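Below is start_26.cif, holding mmCIF, C-alpha atoms.
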```cif
data_work
loop_
_atom_site.label_atom_id
_atom_site.label_comp_id
_atom_site.auth_asym_id
_atom_site.auth_seq_id
_atom_site.Cartn_x
_atom_site.Cartn_y
_atom_site.Cartn_z
CA VAL L 1 -111.33 -5.33 87.66
CA LEU L 2 -113.07 -1.98 88.02
CA ILE L 3 -111.86 0.01 91.05
CA VAL L 4 -114.20 2.72 92.33
CA GLY L 5 -112.18 5.13 94.42
CA GLY L 6 -112.53 8.65 95.69
CA PRO L 7 -110.49 11.67 96.71
CA MET L 8 -107.69 9.68 98.43
CA GLN L 9 -106.24 8.16 95.29
CA GLY L 10 -103.20 6.54 96.89
CA ALA L 11 -105.34 3.78 98.44
CA ALA L 12 -106.99 2.92 95.13
CA LEU L 13 -103.59 2.85 93.43
CA LEU L 14 -102.25 0.39 96.02
CA ALA L 15 -105.23 -1.87 95.34
CA ALA L 16 -104.64 -1.54 91.61
CA GLU L 17 -100.93 -2.34 91.95
CA SER L 18 -101.70 -5.62 93.69
CA ALA L 19 -104.67 -6.52 91.48
CA MET L 20 -102.62 -6.27 88.30
CA ARG L 21 -100.16 -8.81 89.71
CA ALA L 22 -102.70 -11.38 90.92
CA GLY L 23 -104.37 -12.66 87.78
CA ALA L 24 -106.69 -9.95 86.44
CA GLY L 25 -106.09 -9.10 82.80
CA CYS L 26 -107.04 -5.42 82.98
CA ILE L 27 -107.34 -2.96 85.86
CA ARG L 28 -109.56 0.05 85.34
CA ILE L 29 -110.00 2.95 87.76
CA ALA L 30 -113.17 5.02 87.72
CA ALA L 31 -111.76 8.53 88.13
CA GLN L 32 -111.37 11.80 86.28
CA THR L 33 -107.58 11.94 86.64
CA LEU L 34 -104.72 9.86 88.01
CA PRO L 35 -101.54 11.00 89.76
CA ALA L 36 -98.52 11.37 87.49
CA ALA L 37 -96.86 8.49 89.35
CA ALA L 38 -99.61 6.02 88.44
CA PRO L 39 -98.28 3.03 86.47
CA PRO L 40 -98.99 3.11 82.73
CA ASP L 41 -100.65 -0.33 82.98
CA LEU L 42 -103.75 1.17 84.61
CA VAL L 43 -106.69 2.21 82.47
CA LEU L 44 -108.29 5.53 83.44
CA LYS L 45 -112.08 5.53 82.95
CA PRO L 46 -113.58 9.01 83.38
CA GLN L 47 -117.04 8.02 82.09
CA PRO L 48 -120.13 8.09 84.36
CA LEU L 49 -120.02 5.29 86.90
CA ASP L 50 -123.34 3.76 85.81
CA GLU L 51 -121.95 3.40 82.30
CA LEU L 52 -118.77 1.73 83.55
CA LEU L 53 -120.70 -0.67 85.77
CA ALA L 54 -122.88 -1.75 82.84
CA ASP L 55 -119.83 -3.09 80.98
CA ASP L 56 -120.08 -6.90 80.91
CA ARG L 57 -116.29 -7.17 80.83
CA ASN L 58 -116.20 -6.38 84.55
CA GLY L 59 -115.16 -9.58 86.28
CA ALA L 60 -115.27 -7.86 89.67
CA VAL L 61 -115.76 -4.42 91.17
CA LEU L 62 -113.81 -3.08 94.15
CA ILE L 63 -115.13 -0.13 96.11
CA GLY L 64 -113.79 1.43 99.30
CA PRO L 65 -110.06 2.22 99.27
CA GLY L 66 -109.79 6.02 99.34
CA LEU L 67 -113.54 6.38 98.76
CA GLY L 68 -114.40 8.84 101.53
CA ARG L 69 -117.60 8.79 103.57
CA ASP L 70 -119.59 11.72 102.22
CA ASP L 71 -122.81 11.75 100.19
CA ALA L 72 -120.91 11.29 96.94
CA ALA L 73 -119.27 8.15 98.35
CA ARG L 74 -122.62 6.75 99.43
CA ARG L 75 -124.07 7.32 95.96
CA LYS L 76 -121.15 5.40 94.45
CA LEU L 77 -121.74 2.49 96.80
CA GLU L 78 -125.43 2.46 95.91
CA GLN L 79 -124.57 2.44 92.21
CA VAL L 80 -122.13 -0.45 92.62
CA LEU L 81 -124.65 -2.56 94.54
CA ALA L 82 -127.42 -1.75 92.05
CA ALA L 83 -125.25 -3.13 89.24
CA HIS L 84 -125.27 -6.64 90.78
CA ARG L 85 -121.66 -7.37 89.83
CA ALA L 86 -119.29 -9.61 91.77
CA SER L 87 -117.95 -7.08 94.27
CA VAL L 88 -115.44 -6.45 97.04
CA ILE L 89 -116.35 -3.89 99.70
CA ASP L 90 -113.48 -2.51 101.75
CA ALA L 91 -112.39 0.41 103.92
CA ASP L 92 -114.63 3.50 103.73
CA ALA L 93 -117.37 1.61 101.89
CA LEU L 94 -117.72 -0.72 104.88
CA ALA L 95 -118.43 2.29 107.09
CA LEU L 96 -121.31 3.21 104.79
CA LEU L 97 -122.75 -0.30 104.51
CA GLY L 98 -125.95 -1.39 106.26
CA PRO L 99 -128.39 -4.30 105.98
CA ARG L 100 -130.79 -2.42 103.72
CA ASP L 101 -128.06 -1.82 101.14
CA LEU L 102 -127.80 -5.57 100.53
CA GLU L 103 -131.48 -6.53 100.49
CA ARG L 104 -131.60 -6.89 96.70
CA PHE L 105 -127.97 -7.62 95.95
CA ASP L 106 -127.62 -11.06 94.36
CA ALA L 107 -124.02 -11.37 93.11
CA PRO L 108 -120.87 -12.77 94.78
CA LEU L 109 -119.73 -10.42 97.51
CA VAL L 110 -116.65 -10.21 99.75
CA LEU L 111 -116.32 -7.89 102.76
CA THR L 112 -112.85 -7.18 104.18
CA PRO L 113 -113.18 -5.56 107.64
CA HIS L 114 -110.44 -5.03 110.18
CA HIS L 115 -111.28 -5.19 113.89
CA GLY L 116 -112.79 -1.70 114.18
CA GLU L 117 -114.81 -2.08 110.97
CA MET L 118 -116.06 -5.48 112.11
CA ARG L 119 -117.23 -3.98 115.39
CA ALA L 120 -119.15 -1.25 113.54
CA LEU L 121 -120.67 -3.77 111.09
CA SER L 122 -121.74 -6.00 113.97
CA GLU L 123 -123.61 -3.07 115.49
CA SER L 124 -125.12 -2.06 112.15
CA PHE L 125 -126.30 -5.61 111.39
CA GLY L 126 -127.45 -6.23 114.98
CA LEU L 127 -125.18 -9.22 115.60
CA GLY L 128 -124.61 -8.74 119.32
CA ASP L 129 -121.45 -9.36 121.35
CA LEU L 130 -119.72 -12.40 119.83
CA GLY L 131 -116.23 -13.81 119.57
CA LYS L 132 -114.33 -13.23 116.35
CA VAL L 133 -115.17 -16.54 114.67
CA GLU L 134 -118.88 -16.43 115.48
CA GLN L 135 -118.98 -12.72 114.64
CA ALA L 136 -117.50 -13.40 111.19
CA ARG L 137 -119.91 -16.29 110.66
CA ALA L 138 -122.90 -14.21 111.73
CA LEU L 139 -121.96 -11.29 109.48
CA ALA L 140 -121.38 -13.63 106.54
CA ALA L 141 -124.84 -15.11 107.00
CA ALA L 142 -126.56 -11.75 107.54
CA ALA L 143 -124.85 -10.04 104.58
CA ARG L 144 -124.88 -13.17 102.35
CA ALA L 145 -121.20 -12.48 101.73
CA VAL L 146 -117.79 -13.96 102.35
CA VAL L 147 -116.19 -12.07 105.23
CA ILE L 148 -112.43 -11.68 105.65
CA ALA L 149 -112.07 -10.60 109.28
CA LYS L 150 -108.51 -9.29 109.11
CA GLY L 151 -105.89 -9.39 111.83
CA PRO L 152 -103.04 -11.52 113.14
CA ASP L 153 -105.63 -14.31 113.31
CA THR L 154 -107.50 -13.69 110.06
CA VAL L 155 -110.84 -15.51 109.84
CA ILE L 156 -112.52 -16.10 106.49
CA ALA L 157 -116.22 -16.99 106.78
CA ALA L 158 -118.75 -17.99 104.13
CA PRO L 159 -122.54 -17.57 104.32
CA ASP L 160 -123.00 -21.35 104.51
CA GLY L 161 -120.98 -21.56 107.73
CA ARG L 162 -117.61 -22.64 106.32
CA VAL L 163 -114.65 -21.03 108.10
CA VAL L 164 -110.97 -20.82 107.14
CA PHE L 165 -108.22 -19.63 109.47
CA ALA L 166 -105.09 -17.85 108.23
CA PRO L 167 -102.32 -16.91 110.66
CA SER L 168 -100.31 -13.83 109.78
CA PRO L 169 -96.73 -14.52 108.64
CA THR L 170 -95.46 -11.17 109.94
CA SER L 171 -96.55 -8.21 112.08
CA TRP L 172 -95.50 -5.94 109.21
CA LEU L 173 -98.90 -6.63 107.64
CA SER L 174 -100.23 -4.08 110.12
CA THR L 175 -98.44 -1.38 108.07
CA ALA L 176 -100.76 1.31 106.67
CA GLY L 177 -102.03 0.48 103.20
CA THR L 178 -101.59 -3.28 103.35
CA GLY L 179 -105.36 -3.68 103.65
CA ASP L 180 -105.76 -1.87 100.32
CA VAL L 181 -103.29 -4.34 98.83
CA LEU L 182 -105.41 -7.24 100.11
CA ALA L 183 -108.60 -5.71 98.71
CA GLY L 184 -106.99 -5.52 95.26
CA LEU L 185 -105.93 -9.15 95.54
CA VAL L 186 -109.45 -10.28 96.42
CA ALA L 187 -110.94 -8.36 93.49
CA SER L 188 -108.33 -9.78 91.15
CA ARG L 189 -108.99 -13.38 92.18
CA LEU L 190 -112.76 -12.84 92.11
CA SER L 191 -112.52 -11.43 88.58
CA THR L 192 -111.14 -14.75 87.32
CA GLY L 193 -114.51 -16.38 88.02
CA ALA L 194 -113.42 -18.09 91.23
CA GLU L 195 -116.05 -18.87 93.83
CA ALA L 196 -116.05 -16.09 96.45
CA LEU L 197 -114.66 -18.18 99.31
CA ALA L 198 -111.91 -19.59 97.08
CA ALA L 199 -111.05 -16.09 95.82
CA ALA L 200 -110.82 -14.82 99.40
CA CYS L 201 -108.56 -17.69 100.47
CA GLU L 202 -106.31 -17.29 97.43
CA ALA L 203 -106.00 -13.55 98.09
CA VAL L 204 -105.16 -13.99 101.78
CA TRP L 205 -102.53 -16.59 100.87
CA LEU L 206 -100.98 -14.32 98.22
CA HIS L 207 -101.00 -11.45 100.72
CA GLY L 208 -99.15 -13.51 103.31
CA GLU L 209 -96.70 -15.01 100.82
CA ALA L 210 -95.90 -11.57 99.39
CA ALA L 211 -95.22 -10.38 102.95
CA ARG L 212 -92.92 -13.35 103.52
CA LEU L 213 -91.01 -12.62 100.31
CA ALA L 214 -90.79 -8.84 100.70
CA PRO L 215 -87.82 -7.50 102.66
CA ALA L 216 -88.88 -6.31 106.11
CA PRO L 217 -89.59 -3.64 106.98
CA PHE L 218 -91.73 -3.08 103.88
CA THR L 219 -94.19 -0.44 102.79
CA ALA L 220 -97.58 -1.25 101.27
CA SER L 221 -96.33 -0.42 97.79
CA GLU L 222 -93.36 -2.77 98.25
CA LEU L 223 -95.79 -5.47 99.38
CA ALA L 224 -97.90 -4.92 96.24
CA HIS L 225 -94.84 -5.35 94.05
CA ALA L 226 -93.95 -8.60 95.83
CA VAL L 227 -97.29 -10.11 94.81
CA ALA L 228 -95.87 -11.17 91.42
CA ARG L 229 -93.27 -13.34 93.15
CA ALA L 230 -95.92 -14.78 95.46
CA TYR L 231 -98.10 -15.62 92.45
CA ALA L 232 -95.14 -17.30 90.74
CA ALA L 233 -94.62 -19.43 93.84
CA ALA L 234 -98.08 -20.91 93.32
CA LEU L 235 -97.49 -21.93 89.70
#
```
Could you take the file, read its structure, and then write that structure out as structure tokens?
Amino acid sequence: VLIVGGPMQGAALLAAESAMRAGAGCIRIAAQTLPAAAPPDLVLKPQPLDELLADDRNGAVLIGPGLGRDDAARRKLEQVLAAHRASVIDADALALLGPRDLERFDAPLVLTPHHGEMRALSESFGLGDLGKVEQARALAAAARAVVIAKGPDTVIAAPDGRVVFAPSPTSWLSTAGTGDVLAGLVASRLSTGAEALAAACEAVWLHGEAARLAPAPFTASELAHAVARAYAAAL
């Protein structure tokens, strides 16, 4: 998994912490430096982003957590989409995403919006005023992507119209940073070669099971560490 972050490195590290516990064999972060507290398991990749994206070992690319929304962030998003790698778009990258950005993209793609991000994407993609299920379906079809519409009633929609529902096991999943943990899980499962809808469902299940196993109240980093036990429960 290649994680493309930005100036807010904590979010990318949360995604990396969960990704390394959910099946991916190597987690690389495209950055010049990492905080001293970063786990030694992460691989720092300071090379130019285009060079990193060209590496065929990338099973999936995650962009968004801690990315920012400036011109530099937009250029990174454009580079990721131009590489045509299996990708997960989350957080700040969703705020930068529009229909034109995906016109030529032809690889597996997962979008992970919360309610506010879904509302903005619906406006950007011209979807109109729809209920959550139809909104997720419409965005999935328009973006040709699997959409994880997060919330206490998470809806996972595929471009072909399939829909999966996932109730939240605990309100503590509204804690700041837990969305970054989910994004890392999706990228990790996608990197194994799983079909995008299957990867999304596996990630949402792992997210919920980790929340069930973690002692409440938990922080996002504690949730990420509980992913290993959730993964073990599925073996």
For this session: Apply the PyMOL selection byres ((chain L and resi 60-77) around 9) to the displayed file and report the matching residues as an MDAnalysis selection string.
Result: chainID L and resid 1:15 49 53 57:59 78:82 85:97 101 179:180 183:184 186:193
Since we have the selection now, will you write its residues out, keeping C-alpha atoms, as a compact mmCIF listing (two decimals), keeping the file's coordinate frame?
```txt
# COMPACT_ATOMS: atom_id res chain seq x y z
CA VAL L 1 -111.33 -5.33 87.66
CA LEU L 2 -113.07 -1.98 88.02
CA ILE L 3 -111.86 0.01 91.05
CA VAL L 4 -114.20 2.72 92.33
CA GLY L 5 -112.18 5.13 94.42
CA GLY L 6 -112.53 8.65 95.69
CA PRO L 7 -110.49 11.67 96.71
CA MET L 8 -107.69 9.68 98.43
CA GLN L 9 -106.24 8.16 95.29
CA GLY L 10 -103.20 6.54 96.89
CA ALA L 11 -105.34 3.78 98.44
CA ALA L 12 -106.99 2.92 95.13
CA LEU L 13 -103.59 2.85 93.43
CA LEU L 14 -102.25 0.39 96.02
CA ALA L 15 -105.23 -1.87 95.34
CA LEU L 49 -120.02 5.29 86.90
CA LEU L 53 -120.70 -0.67 85.77
CA ARG L 57 -116.29 -7.17 80.83
CA ASN L 58 -116.20 -6.38 84.55
CA GLY L 59 -115.16 -9.58 86.28
CA GLU L 78 -125.43 2.46 95.91
CA GLN L 79 -124.57 2.44 92.21
CA VAL L 80 -122.13 -0.45 92.62
CA LEU L 81 -124.65 -2.56 94.54
CA ALA L 82 -127.42 -1.75 92.05
CA ARG L 85 -121.66 -7.37 89.83
CA ALA L 86 -119.29 -9.61 91.77
CA SER L 87 -117.95 -7.08 94.27
CA VAL L 88 -115.44 -6.45 97.04
CA ILE L 89 -116.35 -3.89 99.70
CA ASP L 90 -113.48 -2.51 101.75
CA ALA L 91 -112.39 0.41 103.92
CA ASP L 92 -114.63 3.50 103.73
CA ALA L 93 -117.37 1.61 101.89
CA LEU L 94 -117.72 -0.72 104.88
CA ALA L 95 -118.43 2.29 107.09
CA LEU L 96 -121.31 3.21 104.79
CA LEU L 97 -122.75 -0.30 104.51
CA ASP L 101 -128.06 -1.82 101.14
CA GLY L 179 -105.36 -3.68 103.65
CA ASP L 180 -105.76 -1.87 100.32
CA ALA L 183 -108.60 -5.71 98.71
CA GLY L 184 -106.99 -5.52 95.26
CA VAL L 186 -109.45 -10.28 96.42
CA ALA L 187 -110.94 -8.36 93.49
CA SER L 188 -108.33 -9.78 91.15
CA ARG L 189 -108.99 -13.38 92.18
CA LEU L 190 -112.76 -12.84 92.11
CA SER L 191 -112.52 -11.43 88.58
CA THR L 192 -111.14 -14.75 87.32
CA GLY L 193 -114.51 -16.38 88.02
```
For this session: List the neighbours of Glu209 of chain L out to 12 Å using only C-alpha atoms; skip same-chain residues closer than 5 positions along the sequence, and give me the result as an MDAnalysis selection string.
Result: chainID L and resid 166:170 173 182 202:204 214:215 223:234
For this session: Would you kindly translate the PyMOL selection byres ((chain L and resi 138) around 12) into the concrete residues it picks from this file, as a ChimeraX atom specification?
Result: /L:118,121-123,125-137,139-147,149,156-163
Could you write out the selected residues, including C-alpha atoms, as an mmCIF file, in the coordinates of the input?
```
data_model
loop_
_atom_site.group_PDB
_atom_site.id
_atom_site.type_symbol
_atom_site.label_atom_id
_atom_site.label_comp_id
_atom_site.auth_asym_id
_atom_site.auth_seq_id
_atom_site.Cartn_x
_atom_site.Cartn_y
_atom_site.Cartn_z
ATOM 1 C CA MET L 118 -116.060 -5.480 112.110
ATOM 2 C CA LEU L 121 -120.670 -3.770 111.090
ATOM 3 C CA SER L 122 -121.740 -6.000 113.970
ATOM 4 C CA GLU L 123 -123.610 -3.070 115.490
ATOM 5 C CA PHE L 125 -126.300 -5.610 111.390
ATOM 6 C CA GLY L 126 -127.450 -6.230 114.980
ATOM 7 C CA LEU L 127 -125.180 -9.220 115.600
ATOM 8 C CA GLY L 128 -124.610 -8.740 119.320
ATOM 9 C CA ASP L 129 -121.450 -9.360 121.350
ATOM 10 C CA LEU L 130 -119.720 -12.400 119.830
ATOM 11 C CA GLY L 131 -116.230 -13.810 119.570
ATOM 12 C CA LYS L 132 -114.330 -13.230 116.350
ATOM 13 C CA VAL L 133 -115.170 -16.540 114.670
ATOM 14 C CA GLU L 134 -118.880 -16.430 115.480
ATOM 15 C CA GLN L 135 -118.980 -12.720 114.640
ATOM 16 C CA ALA L 136 -117.500 -13.400 111.190
ATOM 17 C CA ARG L 137 -119.910 -16.290 110.660
ATOM 18 C CA LEU L 139 -121.960 -11.290 109.480
ATOM 19 C CA ALA L 140 -121.380 -13.630 106.540
ATOM 20 C CA ALA L 141 -124.840 -15.110 107.000
ATOM 21 C CA ALA L 142 -126.560 -11.750 107.540
ATOM 22 C CA ALA L 143 -124.850 -10.040 104.580
ATOM 23 C CA ARG L 144 -124.880 -13.170 102.350
ATOM 24 C CA ALA L 145 -121.200 -12.480 101.730
ATOM 25 C CA VAL L 146 -117.790 -13.960 102.350
ATOM 26 C CA VAL L 147 -116.190 -12.070 105.230
ATOM 27 C CA ALA L 149 -112.070 -10.600 109.280
ATOM 28 C CA ILE L 156 -112.520 -16.100 106.490
ATOM 29 C CA ALA L 157 -116.220 -16.990 106.780
ATOM 30 C CA ALA L 158 -118.750 -17.990 104.130
ATOM 31 C CA PRO L 159 -122.540 -17.570 104.320
ATOM 32 C CA ASP L 160 -123.000 -21.350 104.510
ATOM 33 C CA GLY L 161 -120.980 -21.560 107.730
ATOM 34 C CA ARG L 162 -117.610 -22.640 106.320
ATOM 35 C CA VAL L 163 -114.650 -21.030 108.100
#
```
Exercise. Suppose you want the space between atom CA of Pro48 of chain L and atom CA of Ala31 of chain L; what is it in Å?
Worked result: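 Distance reported for this atom pair: 9.2 Å.
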For this session: Taking the file as shown, find all residues satisfying the PyMOL selection byres ((chain L and resi 196) around 8) and write them as a count of residues only.
Result: 11
For this session: Could you tell me which of L:His84, L:Asp41, L:Asp50, L:Leu185 comes closest to Thr112 of chain L if we count only C-alpha atoms?
Result: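 Nearest to Thr112 of chain L: L:Leu185.
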Exercise. Could you work out how far atom CA of Leu52 of chain L lies from atom CA of Arg28 of chain L, giving the answer in Å with one decimal?
Worked result: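 Taking atom CA of Arg28 of chain L and atom CA of Leu52 of chain L, their separation equals 9.5 Å.
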Exercise. At what distance in Å, to one decimal, does atom CA of Ala38 of chain L lie from atom CA of His207 of chain L?
Worked result: 21.4 Å
For this session: Kindly indicate which residue among L:Ile27, L:Cys201, L:Ala176, L:Ala36 lies nearest to Thr154 of chain L, using all atoms listed in the file for the distances.
Result: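 The closest residue to Thr154 of chain L is L:Cys201.
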Exercise. Could you list as a PyMOL selection string every residue that has an atom within 10 Å of (-105.0, -6.3, 78.9), using the file's coordinates and counting only C-alpha atoms?
Worked result: chain L and resi 20+24-27+41-43
Problem set entry | Selected residue of minimal separation from Asp56 of chain L among L:Leu235, L:Val181, L:Ala83, L:Ala22, counting all atoms listed in the file |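 Among the listed residues, the smallest separation from Asp56 of chain L belongs to L:Ala83.
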Take every atom of segment 148-151 of chain L listed in the file, fit an axis-aligned box around them, add 8 Å per side, and give the centre and edge lengths in Å to one decimal as JSON.
```
{"center_x": -109.2, "center_y": -10.5, "center_z": 108.7, "size_x": 22.5, "size_y": 18.4, "size_z": 22.2}
```
Exercise. Smallest atom-to-atom distance to Leu34 of chain L: which of L:Leu102, L:Ala120, L:Ala16, L:Leu111, using all atoms listed in the file?
Worked result: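 Closest to Leu34 of chain L, using all atoms listed in the file: L:Ala16.
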Exercise. Can you tell me, as number ranges by chain, what residues are no more than 8 Å from Thr219 of chain L when counting all atoms listed in the file, ignoring any on the same chain fewer than 5 positions away?
Worked result: L: 175-178
